[in-house]
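Engineer: If you scroll down you'll find the structure; I have some questions about it.
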2 protein chains.
Amino acid sequence: MSKVTISEVAKAAGVSTMTVSRVVNQKGATGQQTEEKVLKAIASLGYRPSKIARSLTTNKTNTIGLVIPDINNPFFPEIVAGAEEAAWKAGYSLVLYNSNENQERELEAVELLEDMRVDGIILACSRLPDNELLEKIESHSAVVLINRFLTAPKVATVSVDYTYGAMLAVNHLLTSGHEHIGFVGGTEESHSTQAHRTGFITALETRNLDADPRYMVYSQPNESAIQEAVMRLLERQPEITALTCYNDMAAIGALQAALELGRRVPEDLAIIGNDNIRMASLINPSLTTIGISKHDIGSNALELLLASMSGELTDKHLLFKPKLIVRQSAP
Amino acid sequence: MSKVTISEVAKAAGVSTMTVSRVVNQKGATGQQTEEKVLKAIASLGYRPSKIARSLTTNKTNTIGLVIPDINNPFFPEIVAGAEEAAWKAGYSLVLYNSNENQERELEAVELLEDMRVDGIILACSRLPDNELLEKIESHSAVVLINRFLTAPKVATVSVDYTYGAMLAVNHLLTSGHEHIGFVGGTEESHSTQAHRTGFITALETRNLDADPRYMVYSQPNESAIQEAVMRLLERQPEITALTCYNDMAAIGALQAALELGRRVPEDLAIIGNDNIRMASLINPSLTTIGISKHDIGSNALELLLASMSGELTDKHLLFKPKLIVRQSAP
DNA sequence: AACACAATTGTTATCGGTAACAAATTTGCA
DNA sequence: TGCAAATTTGTTACCGATAACAATTGTGTT
């Protein structure tokens, strides 16, 4: 345990603590030989300034909170990596909470981050209702939401244009000649599901086709639930020849459902995913999907947060345009 | 920004700050009606005690540092999840660094964690040489290493018995009748590679077979490098009919190499991975692999750390026994 | 009612730094 | 050489909480 304090260094160097502080922070003028004395004392004692103590006076922790719903969902590690990378470059540390898709835990995490006096927080895919979210957020000076739109002062957002992505997917399928296209979503409240569905409907309506509610299915975001939901959908509406899924894990669940029902992919059933997680190119058949740069989302979120912290902007909303990646599952 | 301090609460409740502190921490006796007054004041002001200030006096941050080499490597998110879960339950927060397999960055991360006065650190798969690692570690009061053995006071470790796992793999292949088995490792310095190779060699020698160095190949831990290394290996030693890989990503690289060379898996080439990442069961052919419970590694590491912090043990070494999971790639 | 003792509350110093101002030293120039 | 201005250093107070001890209030007993 490092126990060397600034006053010990000051004593060893024969100067005041302020002088040591000035040398450490390279702030305020410092004389040549004094500086050397101090640096020598620091080195010989192995002094490392306490960020805790510093934070108390400066009212700044150089720390950022990141709350994600499920780190095991391959969508998120890349976002975390992007954010961590940007944070590192800017001299910030990341405090990570994995809410496990649990609202209460998400709330508590945001509160804890407040207790820790983090300089800002990034909330990914919050499942909290608007009012609760707003209430918890207002005690923070800088907030960035990922994939969740919210108009509020101090709140910036970084989102993927899922609506646009879904339209790309549906148009691709329509162009390939599919006439009965199903939609596989997550929970109905989830914003990405809603955005995706909007694109699904819009793309169909643009071509004067009806989006039949019976062709849409929702599910809890885990593979077996998805697989089951898709199986029910396909048994109920066997005329479906193509599926757009709100993310790649759902698409993989759909693949398994197709396998289970003896439907060949893509011959009998075309499947398009969303997110282009690494797995998408490695499974068989490889997954046609909508690609988004998750790393960029993370790094942009963090940079937006830094800007927001420094008061350069109060709110700003980034929207990433995804693009279609054609592979085997929907050629 | 929460700015309510304890003295404001004290003023509002008409008591001293110590009384407020006692109510907040439920420590020391407190009178009924005073407690109510204080709680009311806390609620109405929205007071949240500063962990920063508290940490300064108590010399405890309720914070744990976690350094991992690559969060995009699917081996790690589960470990992080396990550690985060256990930390959450114990009331600790996690500070995460992603070193990107970079030694310098890893060093810096450990130093920063010291500056933050975290209560303990978990270092996953450190690539630092022993002496540097020891030097940096000694300023921390509690350390747990994952997949890295090191005998030192205050240092506990949680490791997977890769050697045993590799033996399982080789024995499975030998039992299936393979006579020329190749080994695919990561960088030669990596401990998991070394442990894996030891198992590979031991399993062969147990059956009085020689482990031919020409059958072993090493590579940087990224898919394309692995793929290329495997292709060179297979072209050089075409008699090889089976490969054991030091992890699943390497096995997937090997699969791609086989595809590239027109070798069918498992008919022409059997492949066994290691780690049982989620992808392993989803790719085609599904991957025979060595299964380890990564979530448990993370949670055990954290619990060990907590025990170490509370002085219950100074060093302890956990070794997880993996087990063979037979799938299509090596039936 | 008086006293001893327990329960509750308050005071002061401190954790390890930095802000803000004051003091001391150096420098430049008439 | 002297003196104002610039540079370097030191002092004091404070950030927001808690530890340790002191003071007060309440309780039961005879």
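Numbering starts fresh at 1 for the residues of each chain in the structure tokens, the chains themselves are lettered A, B, ... in the order given, and ligands are numbered from 1 as they appear.
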Least-squares superpose chain A onto chain B - every C-alpha atom, paired in order - and show me the moved coordinates as a short mmCIF file (atom, residue, chain, number, x, y, z; two decimals) with C-alpha atoms, in the first residue's frame.

Structural biologist:
```
data_model
loop_
_atom_site.label_atom_id
_atom_site.label_comp_id
_atom_site.auth_asym_id
_atom_site.auth_seq_id
_atom_site.Cartn_x
_atom_site.Cartn_y
_atom_site.Cartn_z
CA MET A 1 -24.33 18.14 -10.19
CA SER A 2 -25.08 17.10 -6.66
CA LYS A 3 -23.71 19.75 -4.39
CA VAL A 4 -25.50 19.06 -1.14
CA THR A 5 -22.96 18.57 1.61
CA ILE A 6 -23.28 16.95 4.95
CA SER A 7 -23.12 20.27 6.76
CA GLU A 8 -26.10 21.57 4.84
CA VAL A 9 -28.02 18.52 5.90
CA ALA A 10 -26.84 19.00 9.45
CA LYS A 11 -28.00 22.61 9.43
CA ALA A 12 -31.36 21.69 7.96
CA ALA A 13 -31.88 19.00 10.56
CA GLY A 14 -30.52 21.13 13.38
CA VAL A 15 -27.85 18.64 14.40
CA SER A 16 -24.11 18.21 14.01
CA THR A 17 -22.48 16.68 10.98
CA MET A 18 -21.38 13.74 13.06
CA THR A 19 -24.96 12.93 13.84
CA VAL A 20 -25.82 12.99 10.19
CA SER A 21 -22.84 10.82 9.48
CA ARG A 22 -23.97 8.36 12.13
CA VAL A 23 -27.45 8.15 10.66
CA VAL A 24 -26.10 7.66 7.17
CA ASN A 25 -23.73 4.93 8.24
CA GLN A 26 -25.99 3.43 10.90
CA LYS A 27 -23.03 3.49 13.16
CA GLY A 28 -23.00 4.44 16.78
CA ALA A 29 -26.26 4.90 18.61
CA THR A 30 -28.76 7.42 17.32
CA GLY A 31 -31.97 8.64 18.89
CA GLN A 32 -35.27 7.87 17.27
CA GLN A 33 -36.59 11.36 16.60
CA THR A 34 -33.19 12.74 15.65
CA GLU A 35 -32.80 10.01 13.13
CA GLU A 36 -36.14 10.86 11.60
CA LYS A 37 -35.30 14.54 11.42
CA VAL A 38 -32.04 13.73 9.70
CA LEU A 39 -33.59 11.30 7.27
CA LYS A 40 -36.19 13.89 6.39
CA ALA A 41 -33.53 16.50 5.76
CA ILE A 42 -31.55 14.05 3.64
CA ALA A 43 -34.58 13.20 1.57
CA SER A 44 -35.73 16.76 1.06
CA LEU A 45 -32.31 18.01 0.07
CA GLY A 46 -31.49 14.96 -2.01
CA TYR A 47 -28.25 14.46 -0.15
CA ARG A 48 -25.86 11.79 -1.38
CA PRO A 49 -22.67 11.39 0.61
CA SER A 50 -19.49 11.86 -1.37
CA LYS A 51 -17.49 8.68 -1.65
CA ILE A 52 -14.49 10.80 -2.45
CA ALA A 53 -14.53 12.56 0.88
CA ARG A 54 -15.39 9.41 2.72
CA SER A 55 -12.56 7.52 1.08
CA LEU A 56 -10.10 10.14 2.16
CA THR A 57 -10.74 9.55 5.83
CA THR A 58 -11.58 5.89 5.82
CA ASN A 59 -8.73 4.99 3.50
CA LYS A 60 -11.05 2.73 1.58
CA THR A 61 -12.61 3.34 -1.81
CA ASN A 62 -14.85 0.32 -2.31
CA THR A 63 -13.39 0.16 -5.72
CA ILE A 64 -11.56 -2.62 -7.50
CA GLY A 65 -9.36 -2.38 -10.56
CA LEU A 66 -9.69 -4.88 -13.36
CA VAL A 67 -7.14 -5.03 -16.14
CA ILE A 68 -7.80 -7.24 -19.11
CA PRO A 69 -5.80 -7.58 -22.29
CA ASP A 70 -8.59 -7.50 -24.86
CA ILE A 71 -12.25 -7.11 -24.21
CA ASN A 72 -13.02 -8.00 -27.81
CA ASN A 73 -11.60 -11.43 -27.24
CA PRO A 74 -14.75 -13.34 -26.29
CA PHE A 75 -12.90 -15.03 -23.49
CA PHE A 76 -12.97 -11.88 -21.38
CA PRO A 77 -16.43 -10.39 -21.32
CA GLU A 78 -17.66 -13.37 -19.35
CA ILE A 79 -14.87 -12.99 -16.87
CA VAL A 80 -15.68 -9.32 -16.53
CA ALA A 81 -19.32 -10.21 -16.06
CA GLY A 82 -18.46 -12.69 -13.32
CA ALA A 83 -16.24 -10.22 -11.55
CA GLU A 84 -18.72 -7.38 -11.91
CA GLU A 85 -21.51 -9.52 -10.54
CA ALA A 86 -19.51 -10.52 -7.48
CA ALA A 87 -18.30 -6.97 -6.99
CA TRP A 88 -21.82 -5.63 -7.17
CA LYS A 89 -23.03 -8.07 -4.56
CA ALA A 90 -20.22 -7.07 -2.24
CA GLY A 91 -20.79 -3.37 -2.76
CA TYR A 92 -17.75 -2.70 -4.85
CA SER A 93 -17.36 -0.86 -8.12
CA LEU A 94 -15.13 -1.93 -10.94
CA VAL A 95 -12.63 0.27 -12.72
CA LEU A 96 -11.88 -1.31 -16.06
CA TYR A 97 -8.79 -1.05 -18.22
CA ASN A 98 -8.37 -2.73 -21.56
CA SER A 99 -4.65 -2.97 -22.13
CA ASN A 100 -4.92 -4.09 -25.74
CA GLU A 101 -2.23 -6.66 -25.10
CA ASN A 102 0.12 -3.77 -24.56
CA GLN A 103 2.67 -4.07 -21.76
CA GLU A 104 3.27 -0.38 -21.25
CA ARG A 105 -0.39 0.32 -21.06
CA GLU A 106 -0.81 -2.48 -18.57
CA LEU A 107 1.87 -0.98 -16.41
CA GLU A 108 0.33 2.44 -16.58
CA ALA A 109 -3.06 0.99 -15.74
CA VAL A 110 -1.72 -0.61 -12.60
CA GLU A 111 -0.11 2.68 -11.63
CA LEU A 112 -3.27 4.62 -12.25
CA LEU A 113 -5.19 2.18 -10.12
CA GLU A 114 -2.71 2.82 -7.38
CA ASP A 115 -3.27 6.55 -7.75
CA MET A 116 -6.97 5.94 -7.45
CA ARG A 117 -6.33 4.00 -4.26
CA VAL A 118 -8.45 1.06 -5.34
CA ASP A 119 -8.83 -1.55 -2.64
CA GLY A 120 -7.48 -4.31 -4.81
CA ILE A 121 -6.75 -5.26 -8.38
CA ILE A 122 -7.40 -8.16 -10.67
CA LEU A 123 -4.95 -8.62 -13.48
CA ALA A 124 -5.97 -10.94 -16.26
CA CYS A 125 -3.32 -12.64 -18.32
CA SER A 126 -0.63 -10.14 -17.67
CA ARG A 127 2.08 -10.10 -20.27
CA LEU A 128 4.54 -8.35 -18.01
CA PRO A 129 7.73 -10.14 -17.06
CA ASP A 130 7.83 -11.42 -13.50
CA ASN A 131 10.13 -8.78 -12.07
CA GLU A 132 8.24 -5.81 -13.49
CA LEU A 133 4.97 -7.34 -12.46
CA LEU A 134 6.20 -7.88 -8.92
CA GLU A 135 7.51 -4.37 -8.68
CA LYS A 136 4.24 -2.79 -9.71
CA ILE A 137 2.19 -5.14 -7.63
CA GLU A 138 3.94 -4.59 -4.36
CA SER A 139 2.41 -1.18 -3.88
CA HIS A 140 -0.99 -2.80 -3.85
CA SER A 141 -2.32 -4.51 -0.78
CA ALA A 142 -4.35 -7.13 -2.59
CA VAL A 143 -3.87 -8.65 -5.99
CA VAL A 144 -5.40 -11.52 -7.89
CA LEU A 145 -3.92 -12.76 -11.11
CA ILE A 146 -5.95 -14.63 -13.66
CA ASN A 147 -4.18 -17.26 -15.71
CA ARG A 148 -0.81 -16.23 -14.50
CA PHE A 149 1.02 -18.00 -11.77
CA LEU A 150 3.26 -16.05 -9.45
CA THR A 151 4.37 -16.87 -5.96
CA ALA A 152 4.40 -13.74 -3.89
CA PRO A 153 2.91 -12.57 -0.64
CA LYS A 154 -0.48 -10.91 -0.98
CA VAL A 155 -0.89 -12.38 -4.45
CA ALA A 156 -3.60 -14.92 -5.15
CA THR A 157 -4.20 -16.51 -8.50
CA VAL A 158 -7.05 -18.08 -10.39
CA SER A 159 -6.03 -20.21 -13.29
CA VAL A 160 -7.33 -22.73 -15.71
CA ASP A 161 -5.44 -25.97 -15.88
CA TYR A 162 -4.66 -25.63 -19.55
CA THR A 163 -2.16 -28.43 -19.30
CA TYR A 164 -4.85 -30.81 -18.21
CA GLY A 165 -7.18 -29.48 -20.88
CA ALA A 166 -4.63 -30.00 -23.61
CA MET A 167 -4.13 -33.54 -22.41
CA LEU A 168 -7.86 -34.15 -22.66
CA ALA A 169 -7.79 -32.87 -26.22
CA VAL A 170 -4.78 -34.90 -27.30
CA ASN A 171 -6.08 -38.06 -25.68
CA HIS A 172 -9.40 -37.62 -27.43
CA LEU A 173 -7.62 -37.30 -30.77
CA LEU A 174 -5.32 -40.24 -30.10
CA THR A 175 -8.29 -42.37 -29.13
CA SER A 176 -9.93 -41.41 -32.42
CA GLY A 177 -6.91 -42.82 -34.18
CA HIS A 178 -5.01 -39.72 -35.14
CA GLU A 179 -1.27 -40.19 -35.39
CA HIS A 180 -0.03 -36.83 -36.54
CA ILE A 181 -1.37 -34.12 -34.29
CA GLY A 182 -0.38 -30.48 -34.59
CA PHE A 183 -0.34 -27.81 -31.94
CA VAL A 184 -1.42 -24.23 -32.54
CA GLY A 185 -0.29 -21.76 -29.91
CA GLY A 186 -0.29 -18.02 -29.35
CA THR A 187 2.90 -16.16 -28.67
CA GLU A 188 5.59 -18.36 -27.18
CA GLU A 189 5.91 -16.21 -24.07
CA SER A 190 2.23 -16.44 -23.26
CA HIS A 191 1.63 -18.56 -20.21
CA SER A 192 -1.49 -20.20 -21.52
CA THR A 193 0.38 -21.24 -24.65
CA GLN A 194 3.15 -22.72 -22.57
CA ALA A 195 0.77 -24.57 -20.28
CA HIS A 196 -1.12 -25.86 -23.24
CA ARG A 197 2.02 -27.03 -24.96
CA THR A 198 3.14 -28.81 -21.83
CA GLY A 199 -0.09 -30.78 -21.84
CA PHE A 200 0.28 -31.49 -25.51
CA ILE A 201 3.77 -32.89 -25.01
CA THR A 202 2.93 -34.76 -21.84
CA ALA A 203 -0.09 -36.47 -23.35
CA LEU A 204 1.98 -37.66 -26.28
CA GLU A 205 4.88 -38.80 -24.15
CA THR A 206 2.56 -40.70 -21.84
CA ARG A 207 1.78 -42.87 -24.83
CA ASN A 208 5.44 -43.07 -25.76
CA LEU A 209 4.99 -40.74 -28.70
CA ASP A 210 7.33 -37.93 -29.57
CA ALA A 211 6.14 -34.34 -29.69
CA ASP A 212 7.72 -33.18 -32.89
CA PRO A 213 8.60 -29.47 -32.75
CA ARG A 214 7.83 -29.24 -36.44
CA TYR A 215 4.22 -29.96 -35.55
CA MET A 216 3.98 -26.93 -33.34
CA VAL A 217 3.27 -23.44 -34.51
CA TYR A 218 2.99 -20.09 -32.75
CA SER A 219 1.30 -16.92 -33.80
CA GLN A 220 0.17 -13.49 -32.76
CA PRO A 221 -3.29 -13.69 -31.26
CA ASN A 222 -5.38 -12.45 -34.16
CA GLU A 223 -7.35 -14.46 -36.63
CA SER A 224 -5.53 -13.67 -39.83
CA ALA A 225 -2.10 -14.29 -38.31
CA ILE A 226 -3.32 -17.60 -36.95
CA GLN A 227 -4.87 -18.58 -40.23
CA GLU A 228 -1.63 -17.92 -42.01
CA ALA A 229 0.44 -19.78 -39.45
CA VAL A 230 -1.81 -22.81 -39.70
CA MET A 231 -1.66 -22.75 -43.47
CA ARG A 232 2.12 -22.77 -43.38
CA LEU A 233 2.05 -25.63 -40.88
CA LEU A 234 -0.31 -27.75 -42.96
CA GLU A 235 1.59 -27.12 -46.15
CA ARG A 236 4.87 -28.04 -44.50
CA GLN A 237 3.51 -31.14 -42.74
CA PRO A 238 0.61 -32.39 -44.84
CA GLU A 239 0.50 -35.63 -42.87
CA ILE A 240 -1.14 -33.83 -39.97
CA THR A 241 -4.74 -34.96 -39.52
CA ALA A 242 -5.63 -33.17 -36.31
CA LEU A 243 -4.94 -29.90 -34.53
CA THR A 244 -5.24 -28.83 -30.95
CA CYS A 245 -5.47 -25.10 -30.59
CA TYR A 246 -4.68 -23.07 -27.53
CA ASN A 247 -8.02 -21.26 -27.75
CA ASP A 248 -11.21 -21.16 -29.76
CA MET A 249 -10.31 -18.13 -31.82
CA ALA A 250 -7.22 -19.95 -32.96
CA ALA A 251 -9.34 -22.96 -33.77
CA ILE A 252 -11.61 -20.79 -35.87
CA GLY A 253 -8.56 -19.45 -37.65
CA ALA A 254 -7.55 -23.05 -38.25
CA LEU A 255 -11.00 -23.80 -39.63
CA GLN A 256 -10.62 -21.00 -42.11
CA ALA A 257 -7.16 -22.21 -43.05
CA ALA A 258 -8.58 -25.68 -43.68
CA LEU A 259 -11.31 -24.19 -45.84
CA GLU A 260 -8.69 -22.25 -47.75
CA LEU A 261 -6.65 -25.39 -48.38
CA GLY A 262 -9.67 -27.46 -49.34
CA ARG A 263 -9.37 -29.71 -46.31
CA ARG A 264 -12.68 -30.90 -44.95
CA VAL A 265 -13.30 -30.69 -41.22
CA PRO A 266 -13.45 -33.12 -39.54
CA GLU A 267 -13.00 -35.69 -42.34
CA ASP A 268 -9.55 -34.52 -43.45
CA LEU A 269 -8.63 -32.51 -40.43
CA ALA A 270 -9.97 -32.67 -36.90
CA ILE A 271 -9.79 -29.48 -34.86
CA ILE A 272 -10.11 -28.95 -31.14
CA GLY A 273 -10.32 -25.53 -29.60
CA ASN A 274 -10.15 -24.29 -26.06
CA ASP A 275 -12.34 -22.09 -23.83
CA ASN A 276 -15.78 -22.93 -25.22
CA ILE A 277 -16.71 -19.40 -26.13
CA ARG A 278 -20.29 -18.95 -27.19
CA MET A 279 -19.34 -18.89 -30.83
CA ALA A 280 -17.98 -22.43 -30.58
CA SER A 281 -21.41 -24.04 -30.63
CA LEU A 282 -22.76 -21.75 -33.32
CA ILE A 283 -20.22 -22.02 -36.08
CA ASN A 284 -20.30 -24.71 -38.70
CA PRO A 285 -18.90 -27.22 -38.14
CA SER A 286 -19.48 -26.67 -34.46
CA LEU A 287 -16.29 -26.72 -32.49
CA THR A 288 -15.08 -29.50 -30.25
CA THR A 289 -13.39 -27.70 -27.43
CA ILE A 290 -12.26 -27.64 -23.85
CA GLY A 291 -14.86 -26.04 -21.66
CA ILE A 292 -14.15 -23.75 -18.75
CA SER A 293 -16.56 -21.64 -16.77
CA LYS A 294 -15.35 -18.16 -17.43
CA HIS A 295 -18.01 -16.54 -15.33
CA ASP A 296 -16.81 -18.53 -12.33
CA ILE A 297 -13.25 -17.48 -12.97
CA GLY A 298 -14.29 -13.86 -12.76
CA SER A 299 -16.43 -14.25 -9.69
CA ASN A 300 -13.91 -16.45 -7.91
CA ALA A 301 -11.16 -13.99 -8.66
CA LEU A 302 -13.18 -11.24 -7.11
CA GLU A 303 -14.13 -13.24 -4.06
CA LEU A 304 -10.55 -14.26 -3.56
CA LEU A 305 -9.60 -10.63 -3.76
CA LEU A 306 -12.16 -9.67 -1.14
CA ALA A 307 -10.84 -12.37 1.15
CA SER A 308 -7.33 -11.20 0.55
CA MET A 309 -8.32 -7.61 1.28
CA SER A 310 -9.87 -8.57 4.57
CA GLY A 311 -6.68 -10.38 5.48
CA GLU A 312 -8.33 -13.76 5.58
CA LEU A 313 -5.60 -15.15 3.40
CA THR A 314 -2.39 -13.85 2.01
CA ASP A 315 -2.06 -16.08 -0.97
CA LYS A 316 -4.10 -18.84 -2.42
CA HIS A 317 -4.11 -20.47 -5.79
CA LEU A 318 -7.23 -21.73 -7.49
CA LEU A 319 -6.97 -24.10 -10.40
CA PHE A 320 -10.00 -24.76 -12.56
CA LYS A 321 -10.22 -28.17 -14.20
CA PRO A 322 -11.65 -27.92 -17.71
CA LYS A 323 -13.57 -30.64 -19.48
CA LEU A 324 -13.87 -31.91 -23.01
CA ILE A 325 -16.87 -30.83 -25.04
CA VAL A 326 -17.25 -32.99 -28.12
CA ARG A 327 -18.90 -31.41 -31.15
CA GLN A 328 -18.58 -31.74 -34.90
CA SER A 329 -15.04 -30.54 -35.57
CA ALA A 330 -13.52 -33.52 -33.77
CA PRO A 331 -16.15 -36.12 -33.07
#
```

Engineer: Enumerate as a ChimeraX atom specification the residues belonging to chain C that approach chain A to within 9 Å, with only C-alpha atoms (C1' of nucleotides) taken into account.

Structural biologist: /C:15-19

Engineer: Out of range 11-253 of chain A, which residues get alpha helix (DSSP H) from DSSP, as a VMD selection string?

Structural biologist: chain A and resid 11 to 13 17 to 25 32 to 45 51 to 58 75 to 90 103 to 115 130 to 137 162 to 175 191 to 206 223 to 236 248 to 253

Engineer: With C-alpha atoms retained, could you export that selection as a compact mmCIF listing (two decimals), in the first residue's frame?

Structural biologist:
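Listing of out38.txt after writing:
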```txt
# COMPACT_ATOMS: atom_id res chain seq x y z
CA LYS A 11 9.99 17.36 4.20
CA ALA A 12 12.46 15.20 2.32
CA ALA A 13 12.98 17.88 -0.29
CA THR A 17 3.80 20.96 0.11
CA MET A 18 2.60 23.60 -2.31
CA THR A 19 5.94 23.53 -4.04
CA VAL A 20 5.73 19.80 -4.39
CA SER A 21 2.22 20.14 -5.68
CA ARG A 22 3.38 22.69 -8.23
CA VAL A 23 6.15 20.42 -9.46
CA VAL A 24 3.80 17.48 -9.73
CA ASN A 25 1.21 19.43 -11.64
CA GLN A 32 15.16 24.80 -11.59
CA GLN A 33 17.08 23.40 -8.64
CA THR A 34 14.02 23.19 -6.41
CA GLU A 35 12.27 21.21 -9.05
CA GLU A 36 15.15 18.78 -9.23
CA LYS A 37 15.25 18.38 -5.47
CA VAL A 38 11.55 17.66 -5.43
CA LEU A 39 11.69 15.22 -8.30
CA LYS A 40 14.52 13.40 -6.58
CA ALA A 41 12.54 13.16 -3.37
CA ILE A 42 9.50 11.92 -5.27
CA ALA A 43 11.51 9.27 -7.02
CA SER A 44 13.34 8.06 -3.95
CA LEU A 45 10.21 7.83 -1.84
CA LYS A 51 -6.36 11.08 -6.78
CA ILE A 52 -8.83 10.82 -3.95
CA ALA A 53 -7.42 13.79 -2.12
CA ARG A 54 -6.92 15.72 -5.29
CA SER A 55 -10.47 15.10 -6.39
CA LEU A 56 -11.78 16.44 -3.15
CA THR A 57 -10.32 19.87 -3.72
CA THR A 58 -10.48 20.09 -7.46
CA PHE A 75 -22.70 -5.84 -29.28
CA PHE A 76 -21.26 -4.22 -26.18
CA PRO A 77 -17.65 -5.23 -25.71
CA GLU A 78 -16.72 -3.29 -28.82
CA ILE A 79 -18.52 -0.25 -27.56
CA VAL A 80 -16.75 -0.57 -24.25
CA ALA A 81 -13.47 -0.93 -26.09
CA GLY A 82 -14.13 2.21 -28.10
CA ALA A 83 -15.07 4.18 -25.04
CA GLU A 84 -12.16 2.86 -23.02
CA GLU A 85 -9.73 3.72 -25.78
CA ALA A 86 -10.99 7.28 -26.04
CA ALA A 87 -11.07 7.64 -22.27
CA TRP A 88 -7.52 6.41 -21.97
CA LYS A 89 -6.30 8.90 -24.52
CA ALA A 90 -8.00 11.72 -22.68
CA GLN A 103 -33.86 -1.55 -14.37
CA GLU A 104 -33.34 -1.35 -10.64
CA ARG A 105 -29.73 -2.18 -10.98
CA GLU A 106 -29.35 0.43 -13.67
CA LEU A 107 -30.86 3.01 -11.38
CA GLU A 108 -28.60 2.04 -8.53
CA ALA A 109 -25.60 2.16 -10.82
CA VAL A 110 -26.37 5.71 -11.83
CA GLU A 111 -26.76 6.66 -8.19
CA LEU A 112 -23.52 5.02 -7.23
CA LEU A 113 -21.77 6.86 -10.00
CA GLU A 114 -23.14 10.05 -8.58
CA ASP A 115 -21.77 9.11 -5.17
CA ASP A 130 -38.22 8.58 -19.61
CA ASN A 131 -39.28 10.22 -16.37
CA GLU A 132 -37.17 8.02 -14.11
CA LEU A 133 -34.24 8.36 -16.44
CA LEU A 134 -34.54 12.13 -16.45
CA GLU A 135 -34.79 12.28 -12.70
CA LYS A 136 -31.65 10.26 -12.15
CA ILE A 137 -29.77 12.02 -14.87
CA TYR A 162 -31.93 1.31 -36.99
CA THR A 163 -34.89 2.52 -38.97
CA TYR A 164 -32.70 3.17 -41.95
CA GLY A 165 -30.95 -0.15 -41.44
CA ALA A 166 -34.20 -2.05 -41.36
CA MET A 167 -35.23 -0.34 -44.57
CA LEU A 168 -31.99 -1.47 -46.20
CA ALA A 169 -32.72 -5.02 -45.12
CA VAL A 170 -36.33 -5.04 -46.28
CA ASN A 171 -35.47 -3.43 -49.60
CA HIS A 172 -32.78 -6.02 -50.18
CA LEU A 173 -35.27 -8.80 -49.54
CA LEU A 174 -37.96 -7.22 -51.70
CA THR A 175 -35.48 -6.79 -54.51
CA HIS A 191 -36.15 1.43 -28.49
CA SER A 192 -34.04 -0.43 -30.99
CA THR A 193 -36.90 -2.83 -31.62
CA GLN A 194 -39.26 0.05 -32.17
CA ALA A 195 -36.90 1.86 -34.50
CA HIS A 196 -36.30 -1.31 -36.40
CA ARG A 197 -39.99 -2.01 -36.74
CA THR A 198 -40.60 1.49 -37.99
CA GLY A 199 -38.11 0.90 -40.78
CA PHE A 200 -39.66 -2.45 -41.53
CA ILE A 201 -43.11 -0.91 -41.88
CA THR A 202 -41.92 2.14 -43.76
CA ALA A 203 -39.97 0.13 -46.31
CA LEU A 204 -43.01 -2.01 -47.01
CA GLU A 205 -45.39 0.91 -47.21
CA THR A 206 -43.09 2.76 -49.56
CA GLU A 223 -31.35 -17.12 -27.82
CA SER A 224 -33.73 -19.82 -26.71
CA ALA A 225 -36.64 -17.41 -26.28
CA ILE A 226 -35.97 -16.01 -29.73
CA GLN A 227 -35.69 -19.44 -31.26
CA GLU A 228 -39.02 -20.40 -29.81
CA ALA A 229 -40.70 -17.19 -30.90
CA VAL A 230 -39.45 -17.64 -34.44
CA MET A 231 -40.63 -21.23 -34.52
CA ARG A 232 -44.11 -20.18 -33.49
CA LEU A 233 -44.08 -17.45 -36.13
CA LEU A 234 -43.00 -19.79 -38.92
CA GLU A 235 -45.49 -22.44 -37.94
CA ARG A 236 -48.30 -19.92 -37.83
CA ASP A 248 -27.56 -10.70 -35.00
CA MET A 249 -28.20 -12.81 -31.93
CA ALA A 250 -31.85 -12.89 -32.88
CA ALA A 251 -30.87 -13.85 -36.40
CA ILE A 252 -28.79 -16.71 -35.04
CA GLY A 253 -31.78 -17.80 -32.99
```

Engineer: So, counting only C-alpha atoms (C1' of nucleotides), which residue among D:DT12, D:DT7, D:DT25, D:DT1 is closest to chain B?

Structural biologist: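 Closest to chain B of all the choices is D:DT25.
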
Engineer: Could you build a table of the residues in chain D lying no more than 10 Å from chain B, giving for each the nearest pair of atoms and their separation in Å rounded to one decimal place, using only C-alpha atoms (C1' of nucleotides), ordered by chain and ascending residue number, as a Markdown table?

Structural biologist:
```
| residue | atom | partner | partner_atom | distance |
| --- | --- | --- | --- | --- |
| D:DC15 | C1' | B:Ala53 | CA | 8.1 |
| D:DG16 | C1' | B:Ala53 | CA | 4.9 |
| D:DA17 | C1' | B:Ala53 | CA | 4.8 |
| D:DT18 | C1' | B:Thr57 | CA | 5.9 |
| D:DA19 | C1' | B:Thr57 | CA | 8.4 |
```

Engineer: So what do you get for C1' of DT29 in chain D versus C1' of DA6 in chain C, distance-wise?

Structural biologist: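 Calculated distance between C1' of DT29 in chain D and C1' of DA6 in chain C is 13.4 Å.
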